[in-house]
>>> print(open('work_6.txt').read())   # compact mmCIF, C-alpha atoms
# COMPACT_ATOMS: atom_id res chain seq x y z
CA MET Q 239 89.19 83.79 107.18
CA ALA Q 240 85.69 84.36 106.03
CA ALA Q 241 84.42 83.68 102.57
CA LYS Q 242 84.41 86.85 100.53
CA ASP Q 243 81.44 88.41 98.82
CA SER Q 244 83.39 89.25 95.68
CA HIS Q 245 81.22 87.79 92.96
CA THR Q 246 80.08 91.18 91.72
CA ALA Q 247 81.69 90.93 88.29
CA SER Q 248 81.45 88.34 85.58
CA PRO Q 249 84.63 86.42 84.65
CA ALA Q 250 84.58 87.90 81.14
CA LEU Q 251 84.35 91.43 82.52
CA VAL Q 252 87.20 90.73 84.97
CA ALA Q 253 89.39 89.37 82.16
CA ILE Q 254 88.67 92.28 79.82
CA ALA Q 255 89.24 94.84 82.59
CA GLY Q 256 92.53 93.12 83.50
CA TRP Q 257 93.72 93.44 79.90
CA LEU Q 258 92.54 97.04 79.50
CA VAL Q 259 94.20 98.21 82.73
CA PRO Q 260 96.71 95.84 84.37
CA GLY Q 261 95.38 94.87 87.82
CA ALA Q 262 91.86 96.16 87.16
CA GLY Q 263 90.45 92.63 87.32
CA TYR Q 264 91.37 92.45 91.01
CA TRP Q 265 89.92 95.92 91.55
CA LEU Q 266 86.54 94.66 90.36
CA LEU Q 267 86.87 91.82 92.89
CA ARG Q 268 87.50 94.43 95.62
CA GLU Q 269 91.08 93.33 96.11
CA ARG Q 270 92.38 96.87 95.87
CA CYS Q 271 95.84 96.34 97.35
CA ARG Q 272 96.53 93.39 95.04
CA ALA Q 273 95.19 95.37 92.06
CA VAL Q 274 97.38 98.40 92.69
CA THR Q 275 100.51 96.33 93.41
CA ILE Q 276 100.21 94.19 90.27
CA GLY Q 277 99.08 97.06 88.02
CA PHE Q 278 101.89 99.31 89.19
CA CYS Q 279 104.54 96.61 88.72
CA VAL Q 280 103.35 95.58 85.24
CA VAL Q 281 103.13 99.16 83.95
CA LEU Q 282 106.45 100.13 85.56
CA LEU Q 283 108.18 97.06 84.09
CA TYR Q 284 106.80 97.82 80.62
CA LEU Q 285 107.82 101.48 80.77
CA THR Q 286 111.26 100.54 82.10
CA GLY Q 287 111.70 98.30 79.05
CA ILE Q 288 110.77 101.17 76.74
CA CYS Q 289 113.14 103.46 78.65
CA ILE Q 290 116.02 100.97 78.32
CA GLY Q 291 115.59 100.04 74.66
CA GLY Q 292 113.73 103.03 73.27
CA VAL Q 293 110.21 102.96 71.90
CA ARG Q 294 111.38 101.09 68.79
CA VAL Q 295 111.91 97.87 70.75
CA VAL Q 296 108.20 97.38 70.03
CA ASP Q 297 108.35 95.74 66.61
CA VAL Q 298 104.88 96.31 65.19
CA PRO Q 299 103.48 93.55 62.97
CA GLY Q 300 102.51 94.92 59.57
CA TYR Q 301 105.00 97.78 59.64
CA GLY Q 302 108.59 97.91 58.41
CA ASP Q 303 111.79 99.49 59.67
CA HIS Q 304 110.81 102.86 58.18
CA GLY Q 305 107.34 102.95 59.75
CA ARG Q 306 105.52 102.22 56.52
CA PRO Q 307 102.96 99.43 56.05
CA LEU Q 308 104.47 96.19 54.76
CA MET Q 309 102.86 95.05 51.52
CA ALA Q 310 102.78 91.44 50.40
CA VAL Q 311 104.35 90.81 47.02
CA HIS Q 312 104.08 87.52 45.19
CA GLY Q 313 107.45 86.34 43.98
CA ARG Q 314 110.20 83.78 44.18
CA SER Q 315 112.32 83.47 47.25
CA ALA Q 316 115.97 84.17 46.50
CA ASN Q 317 117.08 81.49 48.96
CA ASP Q 318 115.25 78.32 48.02
CA GLY Q 319 113.63 79.17 44.72
CA ASP Q 320 110.17 78.40 46.08
CA SER Q 321 107.29 80.53 44.98
CA SER Q 322 106.25 82.56 48.02
CA ASP Q 323 104.88 85.89 49.11
CA GLN Q 324 107.31 88.37 50.59
CA ALA Q 325 106.73 91.60 52.50
CA THR Q 326 108.26 94.92 51.54
CA GLU Q 327 107.78 98.59 52.38
CA ASP Q 328 108.40 99.58 48.75
CA PRO Q 329 106.07 97.35 46.75
CA PRO Q 330 106.27 97.15 42.98
CA ALA Q 331 103.10 97.24 40.91
CA GLY Q 332 101.02 94.18 41.60
CA ALA Q 333 101.40 94.05 45.37
CA THR Q 334 98.72 91.78 46.77
CA GLY Q 335 97.88 93.93 49.81
CA TRP Q 336 98.83 94.78 53.37
CA VAL Q 337 100.68 91.83 54.87
CA MET Q 338 98.46 91.79 57.99
CA LEU Q 339 95.47 91.16 55.74
CA VAL Q 340 97.15 88.72 53.36
CA HIS Q 341 99.43 86.74 55.70
CA PRO Q 342 98.73 87.85 59.31
CA LEU Q 343 99.98 84.67 60.99
CA ASP Q 344 103.25 84.66 59.03
CA GLU Q 345 103.86 88.30 59.91
CA ILE Q 346 103.13 87.75 63.62
CA ARG Q 347 105.36 84.65 63.54
CA ASN Q 348 108.16 86.87 62.24
CA LYS Q 349 107.73 89.14 65.28
CA PRO Q 350 106.90 86.70 68.09
CA TRP Q 351 107.63 89.13 70.94
CA SER Q 352 104.61 91.18 69.85
CA ILE Q 353 102.37 88.37 71.14
CA ALA Q 354 103.70 88.75 74.68
CA GLN Q 355 103.85 92.54 74.48
CA ILE Q 356 100.20 92.96 73.42
CA LEU Q 357 99.15 91.22 76.65
CA ALA Q 358 100.15 94.41 78.47
CA GLY Q 359 96.96 95.95 77.04
CA PRO Q 360 96.24 99.28 75.35
CA LEU Q 361 99.54 100.56 76.73
CA ASP Q 362 101.22 98.36 74.10
CA ILE Q 363 98.88 99.62 71.37
CA ALA Q 364 99.80 103.22 72.23
CA THR Q 365 103.49 102.29 72.31
CA SER Q 366 103.15 100.53 68.96
CA ALA Q 367 101.72 103.71 67.44
CA ALA Q 368 104.61 105.67 68.97
CA SER Q 369 107.07 103.10 67.58
CA VAL Q 370 105.69 103.50 64.05
CA TRP Q 371 105.86 107.27 64.44
CA ALA Q 372 109.44 107.10 65.73
CA SER Q 373 110.43 104.87 62.81
CA GLN Q 374 109.41 107.51 60.28
CA PRO Q 375 111.77 110.35 59.36
CA PRO Q 376 110.44 113.87 59.90
CA ALA Q 377 109.71 116.00 56.82
CA GLY Q 378 112.89 117.02 55.05
CA SER Q 379 115.03 114.36 56.68
CA SER Q 380 115.98 110.80 55.92
CA ILE Q 381 116.81 109.85 59.52
CA ALA Q 382 114.13 108.30 61.71
CA ARG Q 383 112.92 110.23 64.76
CA GLY Q 384 113.97 107.50 67.16
CA ALA Q 385 117.09 105.36 67.04
CA ARG Q 386 116.72 101.60 66.90
CA SER Q 387 119.06 99.69 69.16
CA HIS Q 388 120.73 96.52 67.94
CA ALA Q 389 122.78 96.15 71.10
CA ARG Q 390 122.16 94.52 74.48
CA THR Q 391 119.74 97.32 75.36
CA ALA Q 392 117.38 96.13 72.60
CA GLU Q 393 117.36 92.59 74.01
CA LEU Q 394 116.70 93.90 77.52
CA GLY Q 395 113.97 96.27 76.33
CA VAL Q 396 112.17 93.47 74.49
CA LEU Q 397 112.62 91.17 77.48
CA TYR Q 398 111.18 93.72 79.96
CA THR Q 399 108.15 94.53 77.79
CA ALA Q 400 107.43 90.89 76.97
CA VAL Q 401 107.75 89.79 80.61
CA ALA Q 402 105.39 92.63 81.61
CA GLY Q 403 102.83 91.28 79.15
CA MET Q 404 103.24 87.70 80.37
CA LEU Q 405 102.89 88.78 84.01
CA ASN Q 406 99.70 90.61 83.08
CA LEU Q 407 98.41 87.41 81.44
CA LEU Q 408 99.14 85.59 84.70
CA ALA Q 409 97.19 88.24 86.62
CA ILE Q 410 94.28 88.08 84.14
CA ILE Q 411 94.05 84.29 84.50
CA ASP Q 412 94.27 84.46 88.30
CA SER Q 413 91.71 87.26 88.68
CA THR Q 414 89.31 85.48 86.32
CA TYR Q 415 89.70 82.28 88.34
CA ARG Q 416 89.07 84.18 91.57
CA SER Q 417 85.87 85.65 90.11
CA VAL Q 418 84.32 82.20 89.80
CA GLU Q 419 85.88 80.50 92.84
CA PRO Q 420 85.24 81.28 96.52
CA GLY Q 421 88.09 83.49 97.71
CA GLU Q 422 89.70 84.57 100.95
CA ASP Q 423 89.60 87.94 102.63
CA GLU Q 424 92.41 90.22 101.63
CA SER Q 425 94.04 92.30 104.33
CA MET J 255 131.51 111.32 71.72
CA SER J 256 131.98 110.78 75.44
CA LEU J 257 129.46 109.00 77.62
CA SER J 258 128.40 112.26 79.30
CA LEU J 259 127.58 113.82 75.92
CA HIS J 260 125.62 110.71 74.96
CA ILE J 261 123.61 111.01 78.17
CA LEU J 262 122.96 114.72 77.52
CA ALA J 263 121.77 113.89 73.99
CA TRP J 264 119.63 110.99 75.20
CA ILE J 265 115.86 111.45 74.83
CA PRO J 266 114.21 108.98 77.25
CA PHE J 267 111.70 106.56 75.71
CA LEU J 268 112.60 107.71 72.17
CA ASN J 269 116.21 106.55 72.06
CA PRO J 270 117.87 103.54 73.72
CA LEU J 271 119.66 103.99 77.03
CA PRO J 272 123.26 105.01 76.21
CA VAL J 273 124.83 102.09 78.08
CA TRP J 274 127.30 99.81 76.35
CA SER J 275 129.56 98.67 79.17
CA ASP J 276 129.31 95.01 80.14
CA ARG J 277 129.74 96.16 83.75
CA VAL J 278 126.41 98.00 83.72
CA TRP J 279 123.85 95.87 81.96
CA PRO J 280 123.93 92.84 84.33
CA TRP J 281 122.53 95.14 87.04
CA LEU J 282 119.39 95.49 84.93
CA LEU J 283 118.54 91.97 86.08
CA LEU J 284 117.57 93.38 89.48
CA PRO J 285 114.48 95.46 88.52
CA LEU J 286 113.23 92.64 86.30
CA ALA J 287 113.66 90.04 89.02
CA ALA J 288 112.08 92.36 91.61
CA ALA J 289 109.00 92.98 89.46
CA VAL J 290 108.59 89.29 88.66
CA SER J 291 108.93 88.43 92.37
CA VAL J 292 106.38 90.99 93.54
CA VAL J 293 103.79 90.18 90.87
CA TYR J 294 104.20 86.42 91.27
CA LYS J 295 103.89 86.56 95.04
CA SER J 296 100.98 89.01 94.84
CA ILE J 297 99.17 86.35 92.85
CA LYS J 298 100.22 83.41 95.00
CA CYS J 299 99.83 84.82 98.52
CA ARG J 300 96.38 84.80 100.08
CA GLN J 301 97.17 87.76 102.32
CA MET J 302 98.87 90.81 100.80
CA ARG J 303 100.75 91.40 104.04
CA GLU J 304 102.77 88.25 103.30
CA VAL J 305 103.95 89.61 99.93
CA PRO J 306 106.97 91.76 100.96
CA LYS J 307 108.68 88.95 102.87
CA GLU J 308 107.83 86.26 100.32
CA ALA J 309 108.90 88.49 97.42
CA ALA J 310 112.21 89.29 99.13
CA VAL J 311 112.88 85.57 99.57
CA ILE J 312 112.15 84.67 95.96
CA LEU J 313 114.09 87.73 94.71
CA SER J 314 117.16 86.62 96.63
CA MET J 315 116.72 83.09 95.27
CA ILE J 316 116.54 84.37 91.68
CA VAL J 317 119.60 86.58 92.08
CA LEU J 318 121.65 83.89 93.84
CA SER J 319 120.65 81.35 91.18
CA MET J 320 121.75 83.70 88.41
CA VAL J 321 125.06 84.36 90.16
CA ALA J 322 125.57 80.60 90.62
CA ALA J 323 124.76 80.00 86.95
CA ALA J 324 127.25 82.71 85.97
CA VAL J 325 129.97 81.15 88.15
CA VAL J 326 129.35 77.70 86.66
CA LEU J 327 129.47 79.11 83.12
CA VAL J 328 132.72 80.97 83.86
CA VAL J 329 134.27 77.75 85.22
CA VAL J 330 133.10 75.77 82.17
CA VAL J 331 134.41 78.39 79.73
CA GLU J 332 137.76 78.68 81.55
CA THR J 333 138.11 74.89 81.64
CA MET J 334 137.24 74.53 77.97
CA ASP J 335 139.64 77.36 77.14
CA LYS J 336 142.58 75.56 78.79
CA TRP J 337 141.97 72.30 76.92
>>> encode(input="work_6.txt", output="structure tokens")
Amino acid sequence: MAAKDSHTASPALVAIAGWLVPGAGYWLLRERCRAVTIGFCVVLLYLTGICIGGVRVVDVPGYGDHGRPLMAVHGRSANDGDSSDQATEDPPAGATGWVMLVHPLDEIRNKPWSIAQILAGPLDIATSAASVWASQPPAGSSIARGARSHARTAELGVLYTAVAGMLNLLAIIDSTYRSVEPGEDES
Amino acid sequence: MSLSLHILAWIPFLNPLPVWSDRVWPWLLLPLAAAVSVVYKSIKCRQMREVPKEAAVILSMIVLSMVAAAVVLVVVVETMDKW
């Protein structure tokens, strides 16, 4: 197997391309078959998860169950009496601001699956926007556009989308490594 | 509402899949395991022509391992139940 002349893209470009479009990092390294196989599988797995659990399995940090921005409110916790900030969709006067600006790490920690899901790239950003839209009721109604599952389908939907993101991270790391290391011919 | 009416009312991607039976959802392991197998072996294998065979092997290993784990758990639960 001959050494491959694949060093046509910088590692940073390969990593960014792999996040933007799953498998695109390999495409830049001229490993077209590998790129298409991995990209197709990651996107299909993510969409299958959305199909199983509905678009609302994507729990968007900074947004509540009704699709409205969560605002941080300074107050006392009802459980332990400690003074702490809490997030609510219906803030009273004196709300300290959007929770993603005031306490971003706490909010992301409350929705840990979003970390894995965002690794699937802009597909997850588009799905997050659709999830917020589906959480909101249409004009003249109090029922959200999309139903939120609390059953096994929700667990499976979250699992599929998160695994898709983690597999894409694996592909990003591997393609970036291949861009700086001598590779083998693909056939 | 019957299952057929639920399926007719189902809007893909907007609403969850109308499946509640415990007999159905374990089968959803298969697409997940298949995708993990293919992507993992696409990364590991030097030649892409090796991927189908290698992915089939690891897929069967995942499925058999899950079945074995299920059998062990059933035995443990049944044993604990009798005590």
>>> closest_atom_pairs(input="work_6.txt", of="chain Q", to="chain J", cutoff="8 Å", atoms="all atoms listed in the file", output="JSON lines")
{"residue": "Q:Cys271", "atom": "CA", "partner": "J:Met302", "partner_atom": "CA", "distance": 7.2}
{"residue": "Q:Arg272", "atom": "CA", "partner": "J:Ser296", "partner_atom": "CA", "distance": 6.2}
{"residue": "Q:Thr275", "atom": "CA", "partner": "J:Val293", "partner_atom": "CA", "distance": 7.4}
{"residue": "Q:Ile276", "atom": "CA", "partner": "J:Val293", "partner_atom": "CA", "distance": 5.4}
{"residue": "Q:Cys279", "atom": "CA", "partner": "J:Ala289", "partner_atom": "CA", "distance": 5.8}
{"residue": "Q:Val280", "atom": "CA", "partner": "J:Ala289", "partner_atom": "CA", "distance": 7.5}
{"residue": "Q:Leu283", "atom": "CA", "partner": "J:Ala289", "partner_atom": "CA", "distance": 6.8}
{"residue": "Q:Ile288", "atom": "CA", "partner": "J:Phe267", "partner_atom": "CA", "distance": 5.6}
{"residue": "Q:Cys289", "atom": "CA", "partner": "J:Phe267", "partner_atom": "CA", "distance": 4.5}
{"residue": "Q:Ile290", "atom": "CA", "partner": "J:Leu271", "partner_atom": "CA", "distance": 4.9}
{"residue": "Q:Gly291", "atom": "CA", "partner": "J:Pro270", "partner_atom": "CA", "distance": 4.3}
{"residue": "Q:Gly292", "atom": "CA", "partner": "J:Pro270", "partner_atom": "CA", "distance": 4.2}
{"residue": "Q:Val293", "atom": "CA", "partner": "J:Leu268", "partner_atom": "CA", "distance": 5.3}
{"residue": "Q:Arg294", "atom": "CA", "partner": "J:Leu268", "partner_atom": "CA", "distance": 7.5}
{"residue": "Q:Ala372", "atom": "CA", "partner": "J:Leu268", "partner_atom": "CA", "distance": 7.2}
{"residue": "Q:Arg383", "atom": "CA", "partner": "J:Leu268", "partner_atom": "CA", "distance": 7.8}
{"residue": "Q:Gly384", "atom": "CA", "partner": "J:Leu268", "partner_atom": "CA", "distance": 5.2}
{"residue": "Q:Ala385", "atom": "CA", "partner": "J:Asn269", "partner_atom": "CA", "distance": 5.2}
{"residue": "Q:Arg386", "atom": "CA", "partner": "J:Asn269", "partner_atom": "CA", "distance": 7.2}
{"residue": "Q:Ser387", "atom": "CA", "partner": "J:Pro270", "partner_atom": "CA", "distance": 6.1}
{"residue": "Q:Ala389", "atom": "CA", "partner": "J:Trp274", "partner_atom": "CA", "distance": 7.8}
{"residue": "Q:Arg390", "atom": "CA", "partner": "J:Trp274", "partner_atom": "CA", "distance": 7.6}
{"residue": "Q:Thr391", "atom": "CA", "partner": "J:Pro270", "partner_atom": "CA", "distance": 6.7}
{"residue": "Q:Ala392", "atom": "CA", "partner": "J:Pro270", "partner_atom": "CA", "distance": 7.5}
{"residue": "Q:Tyr398", "atom": "CA", "partner": "J:Leu286", "partner_atom": "CA", "distance": 6.8}
{"residue": "Q:Leu405", "atom": "CA", "partner": "J:Val293", "partner_atom": "CA", "distance": 7.1}
{"residue": "Q:Ala409", "atom": "CA", "partner": "J:Ile297", "partner_atom": "CA", "distance": 6.8}
{"residue": "Q:Asp412", "atom": "CA", "partner": "J:Ile297", "partner_atom": "CA", "distance": 6.9}
{"residue": "Q:Glu422", "atom": "CA", "partner": "J:Arg300", "partner_atom": "CA", "distance": 6.7}
{"residue": "Q:Asp423", "atom": "CA", "partner": "J:Gln301", "partner_atom": "CA", "distance": 7.6}
{"residue": "Q:Glu424", "atom": "CA", "partner": "J:Gln301", "partner_atom": "CA", "distance": 5.4}
{"residue": "Q:Ser425", "atom": "CA", "partner": "J:Gln301", "partner_atom": "CA", "distance": 5.9}
>>> write_last_selection(input="work_6.txt", atoms="C-alpha atoms", output="short mmCIF file (atom, residue, chain, number, x, y, z; two decimals), in the frame of the given file")
data_model
loop_
_atom_site.label_atom_id
_atom_site.label_comp_id
_atom_site.auth_asym_id
_atom_site.auth_seq_id
_atom_site.Cartn_x
_atom_site.Cartn_y
_atom_site.Cartn_z
CA CYS Q 271 95.84 96.34 97.35
CA ARG Q 272 96.53 93.39 95.04
CA THR Q 275 100.51 96.33 93.41
CA ILE Q 276 100.21 94.19 90.27
CA CYS Q 279 104.54 96.61 88.72
CA VAL Q 280 103.35 95.58 85.24
CA LEU Q 283 108.18 97.06 84.09
CA ILE Q 288 110.77 101.17 76.74
CA CYS Q 289 113.14 103.46 78.65
CA ILE Q 290 116.02 100.97 78.32
CA GLY Q 291 115.59 100.04 74.66
CA GLY Q 292 113.73 103.03 73.27
CA VAL Q 293 110.21 102.96 71.90
CA ARG Q 294 111.38 101.09 68.79
CA ALA Q 372 109.44 107.10 65.73
CA ARG Q 383 112.92 110.23 64.76
CA GLY Q 384 113.97 107.50 67.16
CA ALA Q 385 117.09 105.36 67.04
CA ARG Q 386 116.72 101.60 66.90
CA SER Q 387 119.06 99.69 69.16
CA ALA Q 389 122.78 96.15 71.10
CA ARG Q 390 122.16 94.52 74.48
CA THR Q 391 119.74 97.32 75.36
CA ALA Q 392 117.38 96.13 72.60
CA TYR Q 398 111.18 93.72 79.96
CA LEU Q 405 102.89 88.78 84.01
CA ALA Q 409 97.19 88.24 86.62
CA ASP Q 412 94.27 84.46 88.30
CA GLU Q 422 89.70 84.57 100.95
CA ASP Q 423 89.60 87.94 102.63
CA GLU Q 424 92.41 90.22 101.63
CA SER Q 425 94.04 92.30 104.33
#
>>> residues_around(input="work_6.txt", residues="Gln355 of chain Q", least_positions_apart="5", cutoff="12 Å", atoms="only C-alpha atoms", output="PyMOL selection string")
chain Q and resi 257+280-281+283-285+287-288+295-299+346+349-350+360-366+395-407
>>> atom_distance(input="work_6.txt", atom1="atom CA of Leu251 of chain Q", atom2="atom CA of Thr414 of chain Q")
8.6 Å
>>> atom_distance(input="work_6.txt", atom1="atom CA of Leu282 of chain Q", atom2="atom CA of Glu308 of chain J")
20.3 Å
>>> atom_distance(input="work_6.txt", atom1="atom CA of Val418 of chain Q", atom2="atom CA of Ala358 of chain Q")
23.0 Å
>>> closest_residue(input="work_6.txt", among="Q:Ala367, Q:Pro307, Q:Ile254, Q:Ala354", to="Met338 of chain Q", atoms="all atoms listed in the file")
Q:Pro307
>>> closest_residue(input="work_6.txt", among="Q:Thr286, Q:Ser413, Q:Thr246, Q:Gln374", to="Gly261 of chain Q", atoms="all atoms listed in the file")
Q:Ser413
